[in-house]
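Note: the block below is coords_31.txt and it holds compact mmCIF, C-alpha atoms and all ligand atoms.
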```
# COMPACT_ATOMS: atom_id res chain seq x y z
CA MET T 1 -32.12 144.31 92.65
CA ASN T 2 -31.03 144.59 96.24
CA GLU T 3 -34.44 146.05 97.03
CA LEU T 4 -36.18 142.86 95.77
CA LYS T 5 -33.91 140.67 97.84
CA ILE T 6 -34.88 142.67 100.92
CA VAL T 7 -38.59 142.14 100.15
CA VAL T 8 -38.07 138.38 99.69
CA ASP T 9 -36.02 138.11 102.89
CA SER T 10 -38.53 140.06 104.96
CA ALA T 11 -41.35 137.84 103.57
CA LYS T 12 -39.42 134.73 104.60
CA THR T 13 -38.86 136.15 108.08
CA ALA T 14 -42.54 137.10 108.46
CA PHE T 15 -43.64 133.60 107.36
CA GLU T 16 -41.17 131.96 109.75
CA GLN T 17 -42.55 134.03 112.61
CA ALA T 18 -46.17 133.09 111.87
CA GLY T 19 -47.01 130.49 114.51
CA THR T 20 -50.46 129.52 113.22
CA PRO T 21 -52.10 129.13 109.79
CA ALA T 22 -54.13 132.33 110.48
CA ASP T 23 -50.97 134.34 111.23
CA LEU T 24 -49.44 132.96 108.07
CA GLU T 25 -52.39 134.07 105.91
CA ASN T 26 -52.11 137.58 107.39
CA ALA T 27 -48.39 137.67 106.59
CA LYS T 28 -49.14 136.47 103.06
CA ALA T 29 -51.53 139.42 102.48
CA LEU T 30 -48.71 141.87 103.34
CA PHE T 31 -46.63 140.57 100.41
CA LEU T 32 -48.90 138.93 97.88
CA GLY T 33 -52.25 140.65 98.65
CA LYS T 34 -54.03 143.31 96.53
CA SER T 35 -52.12 146.10 98.24
CA GLY T 36 -49.13 143.95 99.21
CA ARG T 37 -45.47 144.71 98.45
CA ILE T 38 -45.32 142.74 95.16
CA THR T 39 -48.45 144.43 93.76
CA GLU T 40 -46.98 147.81 94.68
CA LEU T 41 -43.72 146.95 92.88
CA MET T 42 -45.73 145.96 89.77
CA LYS T 43 -47.61 149.26 89.82
CA GLY T 44 -44.26 151.10 90.13
CA MET T 45 -43.28 149.84 86.64
CA ALA T 46 -45.86 152.02 84.80
CA ALA T 47 -43.35 154.80 84.06
CA LEU T 48 -40.59 152.49 82.75
CA SER T 49 -39.65 151.97 79.09
CA VAL T 50 -40.56 148.71 77.33
CA ASP T 51 -37.09 147.21 77.75
CA GLU T 52 -36.85 148.23 81.37
CA LYS T 53 -40.33 146.76 81.98
CA LYS T 54 -39.15 143.43 80.56
CA SER T 55 -36.15 142.98 82.85
CA ARG T 56 -37.79 144.61 85.87
CA GLY T 57 -40.93 142.49 85.37
CA ALA T 58 -38.92 139.27 85.14
CA ALA T 59 -37.03 140.15 88.36
CA ILE T 60 -40.24 140.96 90.27
CA ASN T 61 -41.72 137.70 89.04
CA LEU T 62 -38.74 135.75 90.39
CA ALA T 63 -39.13 137.52 93.71
CA LYS T 64 -42.85 136.67 93.73
CA GLN T 65 -42.10 133.00 93.00
CA ALA T 66 -39.54 132.90 95.80
CA ILE T 67 -42.12 134.38 98.20
CA GLU T 68 -44.76 131.85 97.10
CA ALA T 69 -42.32 128.97 97.57
CA ALA T 70 -41.49 130.20 101.08
CA LEU T 71 -45.21 130.52 101.84
CA ASN T 72 -45.97 126.97 100.73
CA GLN T 73 -43.06 125.61 102.66
CA ARG T 74 -44.26 127.30 105.81
CA ARG T 75 -47.84 126.15 105.22
CA GLN T 76 -46.63 122.57 104.99
CA ALA T 77 -44.49 122.95 108.10
CA LEU T 78 -47.43 124.28 110.12
CA ALA T 79 -49.73 121.47 108.89
CA ASP T 80 -47.07 118.87 109.79
CA ALA T 81 -46.67 120.35 113.26
CA GLU T 82 -50.41 120.27 113.80
CA LEU T 83 -50.60 116.63 112.74
CA GLN T 84 -47.75 115.73 115.07
CA ALA T 85 -49.45 117.49 117.98
CA GLN T 86 -52.69 115.65 117.26
CA LEU T 87 -50.93 112.29 117.08
CA ARG T 88 -49.16 113.01 120.34
CA ALA T 89 -52.48 113.93 122.02
CA GLU T 90 -54.11 110.74 120.82
CA ALA T 91 -51.18 108.53 121.58
CA LEU T 92 -52.01 105.18 123.08
CA ASP T 93 -49.75 103.89 125.79
CA VAL T 94 -49.93 100.17 125.20
CA THR T 95 -47.77 99.53 128.24
CA LEU T 96 -50.49 100.75 130.67
CA PRO T 97 -52.41 98.01 132.50
CA GLY T 98 -55.92 97.29 131.09
CA ARG T 99 -59.02 98.75 132.71
CA GLN T 100 -60.53 96.04 134.85
CA ARG T 101 -64.20 95.55 135.59
CA GLY T 102 -64.60 94.41 139.19
CA PRO T 103 -66.78 91.41 139.93
CA GLY T 104 -70.45 92.31 140.61
CA GLY T 105 -72.48 90.98 143.50
CA LEU T 106 -76.00 90.42 144.69
CA HIS T 107 -78.04 93.13 146.40
CA PRO T 108 -78.45 92.53 150.16
CA VAL T 109 -82.21 92.11 149.69
CA SER T 110 -81.54 89.49 146.99
CA LEU T 111 -79.14 87.73 149.37
CA THR T 112 -81.92 87.56 151.97
CA LEU T 113 -84.41 86.32 149.37
CA GLU T 114 -82.00 83.56 148.33
CA ARG T 115 -81.69 82.50 151.93
CA ILE T 116 -85.44 82.60 152.53
CA GLU T 117 -86.00 80.39 149.47
CA ALA T 118 -83.30 77.94 150.58
CA ILE T 119 -84.71 77.61 154.11
CA PHE T 120 -88.34 77.16 153.01
CA GLY T 121 -87.14 74.87 150.22
CA SER T 122 -85.61 72.63 152.86
CA MET T 123 -89.05 72.46 154.52
CA GLY T 124 -90.73 71.35 151.30
CA PHE T 125 -92.08 74.71 150.09
CA GLU T 126 -91.94 75.53 146.39
CA VAL T 127 -91.43 79.07 145.08
CA ALA T 128 -94.06 80.88 143.00
CA GLN T 129 -93.77 84.15 141.08
CA GLY T 130 -96.61 86.40 139.98
CA PRO T 131 -97.45 89.78 138.44
CA GLU T 132 -96.75 93.08 140.17
CA ILE T 133 -99.65 94.77 138.36
CA GLU T 134 -102.66 93.10 139.89
CA THR T 135 -106.38 93.14 139.42
CA ASP T 136 -108.76 94.31 142.09
CA TRP T 137 -110.02 90.71 142.31
CA PHE T 138 -106.75 89.05 143.26
CA ASN T 139 -105.41 91.86 145.44
CA PHE T 140 -108.61 92.48 147.43
CA THR T 141 -111.90 90.78 146.53
CA ALA T 142 -110.72 87.17 146.35
CA LEU T 143 -108.93 87.78 149.65
CA ASN T 144 -112.24 88.49 151.36
CA THR T 145 -111.57 92.22 151.54
CA PRO T 146 -114.91 94.04 151.50
CA GLU T 147 -115.76 96.57 148.79
CA ASP T 148 -116.12 99.52 151.14
CA PRO T 149 -113.23 102.00 151.05
CA PRO T 150 -111.85 101.81 154.64
CA ALA T 151 -110.54 98.26 154.34
CA ARG T 152 -109.01 98.89 150.91
CA SER T 153 -107.45 102.27 151.64
CA MET T 154 -105.77 100.57 154.59
CA HIS T 155 -103.02 100.00 152.05
CA ASP T 156 -102.88 103.42 150.35
CA THR T 157 -102.79 101.92 146.92
CA PHE T 158 -101.12 102.89 143.63
CA TYR T 159 -103.82 102.50 141.01
CA VAL T 160 -102.69 102.13 137.39
CA GLU T 161 -104.37 102.21 133.97
CA GLY T 162 -106.41 99.24 132.88
CA GLY T 163 -109.26 97.35 134.43
CA SER T 164 -112.63 99.00 134.92
CA ALA T 165 -113.76 101.98 136.98
CA ALA T 166 -115.35 99.60 139.45
CA ALA T 167 -112.33 97.27 139.50
CA PRO T 168 -109.19 99.21 138.56
CA ASN T 169 -105.77 97.60 138.17
CA LEU T 170 -103.15 98.40 140.77
CA LEU T 171 -99.60 97.71 141.89
CA ARG T 172 -100.03 94.83 144.32
CA THR T 173 -100.07 96.06 147.90
CA HIS T 174 -98.94 92.70 149.26
CA THR T 175 -97.89 89.26 147.99
CA SER T 176 -101.16 87.71 149.25
CA PRO T 177 -102.79 87.66 145.75
CA MET T 178 -100.29 84.88 145.03
CA GLN T 179 -102.17 82.69 147.53
CA ILE T 180 -105.14 82.70 145.18
CA ARG T 181 -103.19 82.57 141.91
CA HIS T 182 -101.07 79.63 143.01
CA ALA T 183 -103.85 77.68 144.72
CA VAL T 184 -106.18 78.02 141.69
CA GLN T 185 -103.48 76.53 139.42
CA HIS T 186 -102.76 73.77 141.89
CA VAL T 187 -106.45 72.86 142.23
CA LYS T 188 -106.95 72.95 138.45
CA LYS T 189 -104.14 70.42 138.00
CA TYR T 190 -105.50 67.91 140.50
CA ARG T 191 -109.11 68.45 139.52
CA ALA T 192 -108.10 67.40 135.99
CA ALA T 193 -106.22 64.42 137.42
CA ALA T 194 -109.35 63.43 139.35
CA GLY T 195 -111.00 63.01 135.94
CA ALA T 196 -114.51 63.55 134.54
CA GLY T 197 -117.38 64.04 136.89
CA SER T 198 -115.83 66.82 138.87
CA SER T 199 -117.39 69.98 137.49
CA SER T 200 -115.02 72.92 137.30
CA GLU T 201 -117.72 75.06 138.93
CA ALA T 202 -118.01 72.98 142.10
CA LEU T 203 -115.62 73.41 144.97
CA PHE T 204 -112.98 70.68 144.91
CA SER T 205 -113.17 68.13 147.69
CA GLY T 206 -111.15 65.31 146.15
CA SER T 207 -107.67 64.39 147.19
CA MET T 208 -104.65 66.38 146.19
CA PRO T 209 -101.10 66.91 147.43
CA GLU T 210 -100.88 69.72 149.98
CA ILE T 211 -100.23 73.24 148.78
CA ARG T 212 -96.95 74.36 150.27
CA VAL T 213 -95.59 77.45 148.61
CA ILE T 214 -93.81 80.73 149.21
CA ALA T 215 -94.16 83.74 146.90
CA PRO T 216 -91.46 86.37 147.33
CA GLY T 217 -91.52 89.62 145.39
CA ARG T 218 -91.94 93.35 145.09
CA THR T 219 -94.96 95.10 146.58
CA TYR T 220 -96.08 98.74 146.57
CA ARG T 221 -97.78 101.16 148.93
CA VAL T 222 -97.96 104.95 149.15
CA ASP T 223 -95.58 105.20 152.08
CA SER T 224 -92.08 106.60 152.55
CA ASP T 225 -89.84 107.10 155.60
CA ALA T 226 -86.81 105.45 157.25
CA THR T 227 -88.65 102.14 157.62
CA HIS T 228 -91.09 102.34 154.68
CA SER T 229 -90.40 102.58 150.98
CA PRO T 230 -93.11 102.89 148.28
CA MET T 231 -91.58 99.74 146.77
CA PHE T 232 -90.70 97.02 149.20
CA HIS T 233 -90.36 93.25 149.34
CA GLN T 234 -92.58 90.68 150.95
CA CYS T 235 -92.56 86.93 151.10
CA GLU T 236 -95.91 85.20 151.20
CA GLY T 237 -96.31 81.69 152.53
CA LEU T 238 -99.23 79.30 152.13
CA TRP T 239 -99.78 75.78 153.43
CA VAL T 240 -103.14 74.19 152.69
CA GLY T 241 -104.12 70.58 153.31
CA GLU T 242 -106.68 68.45 155.05
CA ASN T 243 -105.07 68.55 158.43
CA VAL T 244 -102.94 71.66 158.84
CA SER T 245 -103.19 73.64 162.05
CA PHE T 246 -101.96 76.76 163.77
CA LYS T 247 -99.28 74.75 165.51
CA ASP T 248 -97.79 73.96 162.09
CA LEU T 249 -97.71 77.68 161.37
CA LYS T 250 -95.91 78.28 164.64
CA TYR T 251 -93.19 75.71 164.16
CA VAL T 252 -92.62 76.58 160.50
CA LEU T 253 -92.16 80.26 161.29
CA THR T 254 -90.11 79.62 164.42
CA ASP T 255 -87.79 77.23 162.59
CA PHE T 256 -87.55 79.63 159.70
CA CYS T 257 -86.64 82.67 161.82
CA ARG T 258 -84.08 80.72 163.83
CA ALA T 259 -82.48 79.43 160.62
CA LEU T 260 -82.50 82.87 158.98
CA PHE T 261 -80.84 84.59 161.93
CA GLU T 262 -78.73 81.56 162.87
CA SER T 263 -79.88 81.86 166.46
CA ASP T 264 -81.50 79.05 168.43
CA ASP T 265 -82.61 81.20 171.31
CA LEU T 266 -84.66 83.56 169.16
CA VAL T 267 -88.24 83.78 170.47
CA LEU T 268 -91.46 84.30 168.48
CA ARG T 269 -94.68 85.89 169.69
CA PHE T 270 -98.04 85.66 167.91
CA ARG T 271 -99.98 88.80 168.73
CA PRO T 272 -103.74 88.71 167.92
CA SER T 273 -104.50 90.93 164.96
CA PHE T 274 -106.89 91.32 162.05
CA PHE T 275 -106.59 90.55 158.35
CA PRO T 276 -109.70 90.05 156.20
CA PHE T 277 -108.22 86.94 154.61
CA THR T 278 -107.28 85.06 157.79
CA GLU T 279 -109.25 84.07 160.85
CA PRO T 280 -107.86 83.97 163.46
CA SER T 281 -105.04 86.36 162.58
CA ALA T 282 -101.80 87.12 164.31
CA GLU T 283 -98.93 89.55 163.99
CA ILE T 284 -95.54 87.82 164.13
CA ASP T 285 -93.00 89.43 166.49
CA ILE T 286 -89.48 88.17 167.12
CA GLN T 287 -87.13 88.80 170.02
CA PHE T 288 -83.37 88.26 170.08
CA GLN T 289 -81.94 87.11 173.42
CA SER T 290 -78.47 88.51 172.79
CA GLY T 291 -76.80 91.17 170.70
CA ALA T 292 -77.63 94.82 170.15
CA LEU T 293 -81.38 94.25 169.79
CA ALA T 294 -81.72 91.82 172.73
CA GLY T 295 -85.03 92.01 174.57
CA ARG T 296 -86.90 94.14 172.03
CA TRP T 297 -89.97 92.78 170.25
CA LEU T 298 -89.70 93.38 166.50
CA GLU T 299 -92.64 92.95 164.18
CA VAL T 300 -91.72 90.96 161.06
CA GLY T 301 -95.03 90.00 159.43
CA GLY T 302 -98.67 88.94 159.58
CA SER T 303 -100.20 85.50 159.59
CA GLY T 304 -103.31 83.48 160.26
CA GLN T 305 -105.56 80.60 159.36
CA VAL T 306 -106.86 81.02 155.82
CA HIS T 307 -110.43 82.37 155.91
CA PRO T 308 -113.09 79.92 154.56
CA ASN T 309 -114.13 82.49 151.92
CA VAL T 310 -110.54 82.57 150.65
CA ILE T 311 -110.42 78.74 150.62
CA ARG T 312 -113.58 78.90 148.45
CA ASN T 313 -112.01 81.44 146.09
CA MET T 314 -109.14 78.99 145.65
CA GLY T 315 -111.76 76.53 144.38
CA LEU T 316 -111.55 74.36 147.50
CA GLU T 317 -114.24 73.05 149.82
CA PRO T 318 -113.66 74.68 153.24
CA GLU T 319 -115.28 71.72 155.02
CA LYS T 320 -112.40 69.61 153.76
CA PHE T 321 -109.41 71.94 153.38
CA ILE T 322 -107.78 74.16 155.94
CA GLY T 323 -104.53 76.05 155.94
CA PHE T 324 -102.47 78.95 157.11
CA ALA T 325 -100.80 81.85 155.45
CA PHE T 326 -98.18 84.36 156.38
CA GLY T 327 -96.63 87.44 154.84
CA MET T 328 -93.25 88.76 155.93
CA GLY T 329 -91.27 91.90 155.28
CA VAL T 330 -88.09 90.90 153.45
CA ASP T 331 -86.51 94.35 153.73
CA ARG T 332 -87.13 94.31 157.47
CA PHE T 333 -85.37 90.96 157.74
CA THR T 334 -82.47 92.35 155.72
CA MET T 335 -82.16 95.39 158.00
CA LEU T 336 -82.15 93.13 161.07
CA ARG T 337 -79.68 90.65 159.55
CA TYR T 338 -77.16 93.35 158.69
CA GLY T 339 -77.89 95.96 161.36
CA VAL T 340 -79.00 98.63 158.87
CA ASN T 341 -81.25 101.30 160.35
CA ASP T 342 -82.50 103.14 157.27
CA LEU T 343 -84.40 101.14 154.66
CA ARG T 344 -83.84 103.80 152.01
CA LEU T 345 -80.12 102.90 151.86
CA PHE T 346 -81.10 99.67 150.11
CA PHE T 347 -82.70 101.53 147.22
CA ASP T 348 -80.41 104.57 146.78
CA GLY T 349 -78.07 102.50 144.60
CA ASP T 350 -74.90 103.83 146.27
CA ILE T 351 -72.15 101.36 145.40
CA ARG T 352 -70.15 102.28 148.53
CA PHE T 353 -73.04 101.02 150.68
CA LEU T 354 -73.94 98.01 148.53
CA SER T 355 -70.40 96.68 148.08
CA GLN T 356 -70.16 96.05 151.84
CA PHE T 357 -72.43 93.04 151.47
CA GLN T 358 -70.24 91.17 149.00
N1 LIG U 401 -100.78 90.56 153.44
C1 LIG U 401 -100.60 90.98 154.80
C2 LIG U 401 -99.91 92.36 154.80
O1 LIG U 401 -99.38 92.74 153.82
C3 LIG U 401 -99.77 89.99 155.59
C4 LIG U 401 -100.46 88.66 155.74
C5 LIG U 401 -100.23 87.66 154.83
C6 LIG U 401 -101.28 88.45 156.82
C7 LIG U 401 -100.83 86.42 155.00
C8 LIG U 401 -101.90 87.22 156.98
C9 LIG U 401 -101.67 86.21 156.07
O2 LIG U 401 -99.92 93.04 155.80
```

What is this structure when it is put down as structure tokens?
Amino acid sequence: MNELKIVVDSAKTAFEQAGTPADLENAKALFLGKSGRITELMKGMAALSVDEKKSRGAAINLAKQAIEAALNQRRQALADAELQAQLRAEALDVTLPGRQRGPGGLHPVSLTLERIEAIFGSMGFEVAQGPEIETDWFNFTALNTPEDPPARSMHDTFYVEGGSAAAPNLLRTHTSPMQIRHAVQHVKKYRAAAGAGSSSEALFSGSMPEIRVIAPGRTYRVDSDATHSPMFHQCEGLWVGENVSFKDLKYVLTDFCRALFESDDLVLRFRPSFFPFTEPSAEIDIQFQSGALAGRWLEVGGSGQVHPNVIRNMGLEPEKFIGFAFGMGVDRFTMLRYGVNDLRLFFDGDIRFLSQFQ
């Protein structure tokens, strides 16, 4: 019987030494498998007498049961250890401080837009919004831009699906289509107020409150370098009434630029230029008298007196109504305000750059 005790003891030792469930199954095969020690002992009984078989068989069976019990015990121990390890790995330290979400902030371009709206708001301008996917009519034709390619490819345009072959839809190349969209709505309102008799076909020559509006928003051109991005921001301005002149344009823009840059000695220059939708037209340049940019002329936008054809496309009688319009680069203003020299930084979405403006 000593021999059986040795087998049982060596099985227990082998199971104890098995560090993983796989090791344990291998150790099990050595004792309980088809050619394991217990099976061999059973086979060894063939030559014994019936009585000897009885007592020998019972003893081997006890040994087998002892080995199985040891195996199950070790299986359970390994499973417990694994569970403990898993629980430890997933442990939650409730004493750690919570993960905080820092406060967000506005994009520098949005900050400039807010300021632009506040300043023009204080001068009696309302704010209009319009679509970024425009029709050929609003972006070009209604703005007196001729059909022939040179004038239209001036703004290397992103054309998009929709519209017709002759008049495709496009991503607006400037905010100027909002001049037409807003004015048409304005005229419609006061034409209705003027009552029956005024045909909606005829140009309106009744009385109406002046149109005084800005239209800030995203614009698109095929252009990309340190000072141009394919998506950029403009702010359109329009003032139409019965007695509005170029001098009004000058003081509005001068007051606006001085307020935006908080500098009273900022100087504006109106440089003759050409836009199909204004006549005369002028480029707007500004010059700081102090600071890093002192003395340099910086172009910030275009402007001019609204062309009579554009006044007509607004539904207004050009003999009665006159006005001016301007379009300014909002990103340019933002670069100048904050001393940023690469426009692309605004649109890279790098939080290290953007968080400096909070
Ligand atoms: N739309 C012109 C541009 O994008 C700017 C402009 C607006 C000029 C209004 C005159 C009047 O360049």

Find the residues of chain T that sit at most 6 Å from ligand LIG 401 (chain U); for each, write down the nearest two atoms and how far apart they are in Å, to one decimal. Count all atoms listed in the file. Sort by chain, then by number going up, and give it as a Markdown table.
```
| residue | atom | partner | partner_atom | distance |
| --- | --- | --- | --- | --- |
| T:His174 | CA | U:LIG401 | O1 | 4.6 |
| T:Ser176 | CA | U:LIG401 | N1 | 5.1 |
| T:Phe275 | CA | U:LIG401 | C6 | 5.9 |
| T:Thr278 | CA | U:LIG401 | C8 | 5.9 |
| T:Gly302 | CA | U:LIG401 | C6 | 3.8 |
| T:Ser303 | CA | U:LIG401 | C8 | 3.6 |
| T:Gly304 | CA | U:LIG401 | C8 | 5.2 |
| T:Ala325 | CA | U:LIG401 | C9 | 4.5 |
| T:Phe326 | CA | U:LIG401 | C7 | 3.6 |
| T:Gly327 | CA | U:LIG401 | C5 | 3.6 |
```

- Counting all atoms listed in the file, figure out which residue out of T:Val184, T:Leu293, T:Ile351, T:Val300 gets nearest to Leu316 in chain T. T:Val184

- Message: One decimal, in Å: what's the spacing between CA of Gly130 in chain T and CA of Gln234 in chain T?
- Response: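 One can read the CA of Gly130 in chain T to CA of Gln234 in chain T distance as 12.4 Å.
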
Please identify every residue of range 206-323 of chain T that has at least one atom no farther than 8 Å from an atom of range 329-349 of chain T, counting all atoms listed in the file, and for each give the shortest atom pair and the distance in Å to one decimal, arranged by chain then increasing number, as a tab-separated table.
```
residue	atom	partner	partner_atom	distance
T:Asp225	CA	T:Arg344	CA	7.7
T:Ala226	CA	T:Asp342	CA	4.9
T:Thr227	CA	T:Leu343	CA	5.3
T:His228	CA	T:Leu343	CA	6.8
T:Ser229	CA	T:Arg344	CA	6.8
T:Phe232	CA	T:Asp331	CA	6.7
T:His233	CA	T:Val330	CA	5.3
T:Gln234	CA	T:Gly329	CA	4.7
T:Cys235	CA	T:Val330	CA	6.4
T:Phe261	CA	T:Arg337	CA	6.6
T:Val300	CA	T:Gly329	CA	5.9
T:Gly301	CA	T:Gly329	CA	5.9
```

- Write out as number ranges by chain the residues lying within 12 Å of range 272-274 of chain T, counting all atoms listed in the file and excluding same-chain residues fewer than 3 positions away. T: 145, 151, 154, 269, 277-285, 301-305, 307

Find the residues around Asn144 in chain T up to 7 Å (all atoms listed in the file counted), leave out those fewer than 5 positions away in its own chain, and share them as a compact mmCIF listing (two decimals) with C-alpha atoms, in the frame of the given file.
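The resulting part_23.txt:
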```txt
# COMPACT_ATOMS: atom_id res chain seq x y z
CA PRO T 276 -109.70 90.05 156.20
CA PHE T 277 -108.22 86.94 154.61
CA ASN T 309 -114.13 82.49 151.92
CA VAL T 310 -110.54 82.57 150.65
```

- Quick one: of T:Lys43, T:Lys54, T:Arg75, T:His182, who's nearest to Leu238 in chain T, counting only C-alpha atoms?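 Residue with the minimum atom-to-atom distance to Leu238 in chain T: T:His182.
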
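Shortest atom-to-atom contact with Phe324 in chain T among T:Gln129, T:Gln179, T:Ser207, T:Gln358: T:Gln179, counting only C-alpha atoms.
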
- Item | Neighbour list for Ala165 in chain T as a PyMOL selection string, cut-off 12 Å, only C-alpha atoms, skip fewer than 5 positions in-chain | chain T and resi 135-136+159-160+170

- Message: Show me, as a list in words, the residues that have an atom within 9 Å of Val267 in chain T when counting all atoms listed in the file, minus same-chain residues fewer than 2 positions from it.
- Response: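 These residues fall inside the cut-off: Thr254, Cys257, Arg258, Asp264, Asp265, Arg269, Asp285, Ile286, Gln287, Phe288 and Gln289 of chain T.
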
Store the residues picked out above in a file with C-alpha atoms, as an mmCIF file, keeping the file's coordinate frame.
```cif
data_model
loop_
_atom_site.group_PDB
_atom_site.id
_atom_site.type_symbol
_atom_site.label_atom_id
_atom_site.label_comp_id
_atom_site.auth_asym_id
_atom_site.auth_seq_id
_atom_site.Cartn_x
_atom_site.Cartn_y
_atom_site.Cartn_z
ATOM 1 C CA THR T 254 -90.110 79.620 164.420
ATOM 2 C CA CYS T 257 -86.640 82.670 161.820
ATOM 3 C CA ARG T 258 -84.080 80.720 163.830
ATOM 4 C CA ASP T 264 -81.500 79.050 168.430
ATOM 5 C CA ASP T 265 -82.610 81.200 171.310
ATOM 6 C CA ARG T 269 -94.680 85.890 169.690
ATOM 7 C CA ASP T 285 -93.000 89.430 166.490
ATOM 8 C CA ILE T 286 -89.480 88.170 167.120
ATOM 9 C CA GLN T 287 -87.130 88.800 170.020
ATOM 10 C CA PHE T 288 -83.370 88.260 170.080
ATOM 11 C CA GLN T 289 -81.940 87.110 173.420
#
```

- Message: Could you check the closest approach to Val240 in chain T for each of T:Pro108, T:Pro216, T:Gly315, T:Gly323 and tell me which residue wins, using only C-alpha atoms?
- Response: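 Under the stated criterion, the closest residue is T:Gly323.
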
- Message: Under the rule that only C-alpha atoms are counted, which of T:Thr112, T:Gln65, T:Gln185, T:Gln100 is the nearest residue to Asn313 in chain T?
- Response: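 Using only C-alpha atoms, Asn313 in chain T sits closest to T:Gln185.
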
- With a distance cut-off of 10 Å and only C-alpha atoms, select the neighbouring residues of Thr173 in chain T, excluding the residue or stretch itself and same-chain residues fewer than 5 positions from it, and output the selection as a ChimeraX atom specification. /T:132-134,139-140,152,154-158,218-222,230-232,234

Quick one: range 291-296 of chain T from the block, all heavy atoms, as a compact mmCIF listing (two decimals), in the first residue's frame.
```txt
# COMPACT_ATOMS: atom_id res chain seq x y z
N GLY T 291 2.55 100.73 -32.54
CA GLY T 291 2.57 99.27 -32.42
C GLY T 291 3.41 98.63 -33.52
O GLY T 291 4.03 99.32 -34.34
N ALA T 292 3.41 97.32 -33.53
CA ALA T 292 4.31 96.56 -34.41
C ALA T 292 4.03 96.81 -35.89
O ALA T 292 4.94 96.74 -36.72
CB ALA T 292 4.17 95.07 -34.11
N LEU T 293 2.77 97.12 -36.23
CA LEU T 293 2.41 97.27 -37.64
C LEU T 293 2.37 98.73 -38.08
O LEU T 293 1.93 99.04 -39.18
CB LEU T 293 1.04 96.62 -37.89
CG LEU T 293 1.00 95.09 -37.72
CD1 LEU T 293 -0.42 94.60 -37.68
CD2 LEU T 293 1.77 94.43 -38.85
N ALA T 294 2.80 99.64 -37.21
CA ALA T 294 2.69 101.08 -37.47
C ALA T 294 3.23 101.45 -38.85
O ALA T 294 4.30 100.99 -39.25
CB ALA T 294 3.41 101.87 -36.40
N GLY T 295 2.44 102.27 -39.57
CA GLY T 295 2.92 102.81 -40.84
C GLY T 295 2.62 101.95 -42.06
O GLY T 295 2.70 102.44 -43.18
N ARG T 296 2.25 100.69 -41.84
CA ARG T 296 1.96 99.83 -43.00
C ARG T 296 0.50 99.91 -43.38
O ARG T 296 -0.38 99.92 -42.53
CB ARG T 296 2.30 98.37 -42.67
CG ARG T 296 3.74 98.03 -42.98
CD ARG T 296 4.05 96.63 -42.52
NE ARG T 296 3.19 95.61 -43.13
CZ ARG T 296 3.15 94.34 -42.73
NH1 ARG T 296 3.89 93.95 -41.73
NH2 ARG T 296 2.37 93.48 -43.33
```
